[in-house]
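Q: Mind looking over this structure? Questions follow.
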Amino acid sequence: MATQHHSLALPTPAVSAACPMANPGYGKRSAPGQRPRARNDFALLPTRERHVAGFVDHLPEGAAMSVKQLAKQLPLFGQQAISTALNALSVAGHLRRVRCPVGSGDETRWAFRTFWSRTARDNEWWNTYLATETASQTAAPTPDTAPPPPWVPDEEPPLAQPDPPSPAGQAPEPTAVPHQRTPPQAPAAEPTQPTGLSPAYLALARLGRDDHRLALSADDCTTLEPLATQWLDRGVTIDYLTNALKAGLPAQVDSPVGLIRRRLIDKLPPHLPATTTTPAAPTPTHRILVECTDCGRPGPPQALPDGLCRPCHQAHTTSGDTPLDPTEITAVKAHMANLRDLLKPV
């Protein structure tokens, strides 16, 4: 059972006005739902840990939380002592060191933060809270960066007020005609193509305009339209179709419809497999990784109970003062006595 240490309490050092702050996005972050400050805060902690906890609790948001910076501001303890105290505070449920990605795309970088809670929390609470932080970062809306509209409509002119009646015998003064804005002229409408004609029919009809040797009649275009449609159904463009029909013409074409029919049949392009679009890579989820308070090894919150990785957790919870087994002590004494007997002169 933890014991209180009221008699050995050290005064909480005052936070300097020039407290070093971390870069934006880094440093101390206070967890939500903490109880108000009280005199018995951290009373169950040992003296050194209670002293460090009281100092960290009064640091502002975004303050630097590295061991080196804390040791500079707490001259009673060195960096090793501060590191050990932070490990104990992590096990006690007061802090978690995390790294989380900020930015997007190629500009993503890791931000290192220390979440602090005056109220001690268990592992389940920390895991739930850090999962909530992950979800809030993933669902963070993208700021609206849409450009403003290219124009802003003028304000509507005020309603005209009726002129006061003029005195009898005086002609009314001429009313000034307000300047009228000229409405913007709509661009001339482009000529529309005849309705009901397929792209294949129009491509055949234009051949005669491009080269008089390939002039076709309306009946010819209707007859050849199914053959030309097969080309377009196989994914070729209108330009590809017309270029294939016009390439390498003889000096004189006696039957344009016969020549084009022959080329539409003989040069029909092969079927190509449908191009499968590669599915877009899923957007990576911004995960918060907890860092081991002692060695800095990252991992998911569930893998670092008490904020420590498995090796550091075992080293922290295993005491080095475990007494030896009495049988081992007896065996060692007997072995040493035997060695002394062998060293005695005969």
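Chain labels follow the order of the structure tokens: the first chain is A, the next B, and so on; residue numbering restarts at 1 in every chain, and ligands are counted from 1 in their shown order.
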If we count only C-alpha atoms and set the cut-off at 7 Å, which residues sit around Tyr201 in chain A, ignoring sequence neighbours fewer than 6 positions away in its own chain? Please answer as a list in words.
A: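 Selected residues are Cys221, Thr222 and Glu225 of chain A.
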Q: Please identify all polymer residues within 8 Å of range 239-256 of chain A, counting only C-alpha atoms, omitting same-chain residues fewer than 4 positions from it, and present them as number ranges by chain.
A: A: 203-204, 207, 211, 213-216, 228, 231-232, 260, 263-264, 267
Q: Tell me which of A:Ala334, A:Val290, A:Ala85, A:Ala200 sits closest to Phe115 in chain A, counting only C-alpha atoms.
A: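 Of A:Ala334, A:Val290, A:Ala85, A:Ala200, the one nearest Phe115 in chain A, counting only C-alpha atoms, is A:Val290.
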Q: Calculated over only C-alpha atoms, which of the candidates A:Thr317, A:Leu268, A:Arg310, A:Arg29 has the smallest distance to Pro298 in chain A?
A: A:Arg310
Q: Out of range 31-135 of chain A, which residues get strand (DSSP E) from DSSP, as a list in words?
A: Leu95, Arg96, Arg97, Val98, Arg99, Cys100, Pro101, Val102, Arg109, Trp110, Ala111, Phe112, Arg113, Thr114, Phe115 and Trp116 of chain A
Q: Would you save the residues of that selection, restricted to N, CA and C atoms, as a short mmCIF file (atom, residue, chain, number, x, y, z; two decimals), in the first residue's frame?
A:
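Saved the output as out_20.cif:
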data_model
loop_
_atom_site.label_atom_id
_atom_site.label_comp_id
_atom_site.auth_asym_id
_atom_site.auth_seq_id
_atom_site.Cartn_x
_atom_site.Cartn_y
_atom_site.Cartn_z
N LEU A 95 1.03 10.53 -16.83
CA LEU A 95 1.49 11.05 -18.11
C LEU A 95 1.68 9.92 -19.11
N ARG A 96 1.64 10.30 -20.37
CA ARG A 96 1.98 9.41 -21.48
C ARG A 96 2.72 10.25 -22.52
N ARG A 97 3.82 9.72 -22.99
CA ARG A 97 4.55 10.35 -24.10
C ARG A 97 4.07 9.72 -25.40
N VAL A 98 3.72 10.54 -26.38
CA VAL A 98 3.19 10.03 -27.64
C VAL A 98 3.86 10.74 -28.80
N ARG A 99 3.76 10.13 -29.96
CA ARG A 99 4.16 10.77 -31.21
C ARG A 99 2.99 10.60 -32.18
N CYS A 100 2.62 11.69 -32.87
CA CYS A 100 1.48 11.63 -33.78
C CYS A 100 1.83 12.39 -35.05
N PRO A 101 1.35 11.90 -36.21
CA PRO A 101 1.66 12.56 -37.48
C PRO A 101 0.81 13.81 -37.65
N VAL A 102 1.42 14.86 -38.16
CA VAL A 102 0.71 16.09 -38.49
C VAL A 102 1.02 16.43 -39.94
N ARG A 109 4.83 15.04 -40.87
CA ARG A 109 5.96 14.95 -39.94
C ARG A 109 5.42 14.46 -38.59
N TRP A 110 6.33 14.02 -37.73
CA TRP A 110 5.95 13.50 -36.43
C TRP A 110 6.08 14.60 -35.39
N ALA A 111 5.03 14.75 -34.58
CA ALA A 111 5.06 15.68 -33.46
C ALA A 111 5.10 14.86 -32.17
N PHE A 112 5.96 15.27 -31.24
CA PHE A 112 6.15 14.55 -29.99
C PHE A 112 5.49 15.35 -28.87
N ARG A 113 4.58 14.72 -28.16
CA ARG A 113 3.82 15.40 -27.13
C ARG A 113 3.82 14.56 -25.85
N THR A 114 3.62 15.25 -24.74
CA THR A 114 3.49 14.60 -23.44
C THR A 114 2.13 14.96 -22.88
N PHE A 115 1.24 13.99 -22.82
CA PHE A 115 -0.09 14.23 -22.25
C PHE A 115 0.00 14.08 -20.73
N TRP A 116 -0.51 15.08 -20.03
CA TRP A 116 -0.40 15.14 -18.57
C TRP A 116 -1.79 15.15 -17.95
#
Q: Need to verify the contact set: Gly27 in chain A, 6 Å, only C-alpha atoms, exclusion of same-chain residues closer than 4 positions in sequence. Can you return it as an MDAnalysis selection string?
A: chainID A and resid 22 62:65 113:114
Q: As an exercise, work out the distance from CA of Asn123 in chain A to CA of Gln302 in chain A in Å and give it to one decimal place.
A: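 CA of Asn123 in chain A sits 8.1 Å away from CA of Gln302 in chain A.
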Q: In Å, rounded to a single decimal, give me how far CA of Cys309 in chain A is from CA of Leu86 in chain A.
A: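 Interatomic distance, CA of Leu86 in chain A to CA of Cys309 in chain A: 14.2 Å.
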Q: Measure the distance from CA of Thr84 in chain A to CA of Thr293 in chain A in Å and round it to one decimal.
A: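 Rounded to one decimal, the two atoms are 9.3 Å apart.
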